[in-house]
Amino acid sequence: MTLTPMKDRLWHFLLGSYCVLCREPVKGAEGDRQLCQWCLATLPWRASPEQHAAMPGITRAFAPLSYEGAARQWVLDAKREGGLISAGTLGVLLAESLMESYPFPSERPDLLVPVPLSARRLRARGHNQALLIGRQIARRLQLRIGHRRVRRTRHTPILAGLDAPRRRAEMAAGFSVSALPAGSRVAIVDDVVTTGATASALAEALLAAGAFEVHLWAATAAEHSP
């Protein structure tokens, strides 16, 4: 089969051989993350990916990218139909950053829990972007995903634009978690952290289900996040 230049470029792009930003050919590690070294350096990396401010229930929080520029667009795209490429890129970048901040496997949580969507939102979206991001992390850090252990018990409105008290009120008692093995260390995976209300609500549910400690791993963080 002979492909036209346009179709050939699209085919290689979907296979990960073109940078998602500048569309230049990439291979090796660049092809895996679908970003050339130049574009990788221009991303809005946070000076300190560790989130030091307290979030109830969270022992350690990590987000390598600011929620702006290309990173913000990937988060938005990952929520839409066909967001596989954007979610995959966010997952690879988060996984690579985690390898640097958690260099020893003994430091890492043993279970990943992507923030679940409500049944209504999952039906509308067709996929959970946090799960797509989590699969990239699980593969690279050799961790288990426990997405079937957690479900969202009620549909909540879009939280963007709400202040922290309103977010906490909306998220209260919003998750159900099946029993976890005693001493489990769990990492919540999400695409973006803003006030931390969602992560804290899920963390408290995980702790109540038997988790020893909970970490938060988000691909991006909004400027006003904790």
# chains A, B, ... in the order shown; residues from 1 in each chain; ligands from 1
>>> residues_around(residues="Ser66 (chain A)", least_positions_apart="2", cutoff="6 Å", atoms="only C-alpha atoms", output="list in words")
Pro44, Arg46, Glu68, Thr220, Ala221 and Ala222 of chain A
>>> residues_around(residues="Ala70 (chain A)", least_positions_apart="5", cutoff="9 Å", atoms="only C-alpha atoms", output="short mmCIF file (atom, residue, chain, number, x, y, z; two decimals) with N, CA and C atoms, in the first residue's frame")
data_model
loop_
_atom_site.label_atom_id
_atom_site.label_comp_id
_atom_site.auth_asym_id
_atom_site.auth_seq_id
_atom_site.Cartn_x
_atom_site.Cartn_y
_atom_site.Cartn_z
N LEU A 21 4.73 18.38 19.37
CA LEU A 21 4.70 19.84 19.31
C LEU A 21 5.24 20.39 18.00
N LEU A 43 9.02 23.04 27.94
CA LEU A 43 7.80 22.81 28.71
C LEU A 43 7.83 23.60 30.02
N PRO A 44 6.66 23.89 30.60
CA PRO A 44 6.61 24.69 31.83
C PRO A 44 6.93 23.86 33.08
N VAL A 75 -3.67 18.45 29.01
CA VAL A 75 -4.67 18.06 30.01
C VAL A 75 -6.07 18.21 29.44
#
>>> closest_residue(among="A:Leu84, A:Ala41, A:Val26, A:Ala187", to="Trp217 (chain A)", atoms="only C-alpha atoms")
A:Ala187
>>> residues_around(residues="Ile133 (chain A)", least_positions_apart="5", cutoff="12 Å", atoms="only C-alpha atoms", output="PyMOL selection string")
chain A and resi 74-75+78-79+83-95+112-115+127-128+138-140+145+188-192+217-220
>>> closest_residue(among="A:Gly69, A:Gly210, A:Pro64, A:Pro56", to="Ser101 (chain A)", atoms="only C-alpha atoms")
A:Pro64
>>> residues_around(residues="region 201-208 of chain A", least_positions_apart="4", cutoff="9 Å", atoms="only C-alpha atoms", output="list in words")
Pro56, Gly57, Ile58, Val115, Val150, Arg168, Met171, Ala172, Ala173, Gly174, Phe175, Ser176, Val177, Ser178, Ala179, Leu180, Val186, Ile188, Gly196, Ala197, Phe212, Glu213, Val214, His215 and Leu216 of chain A
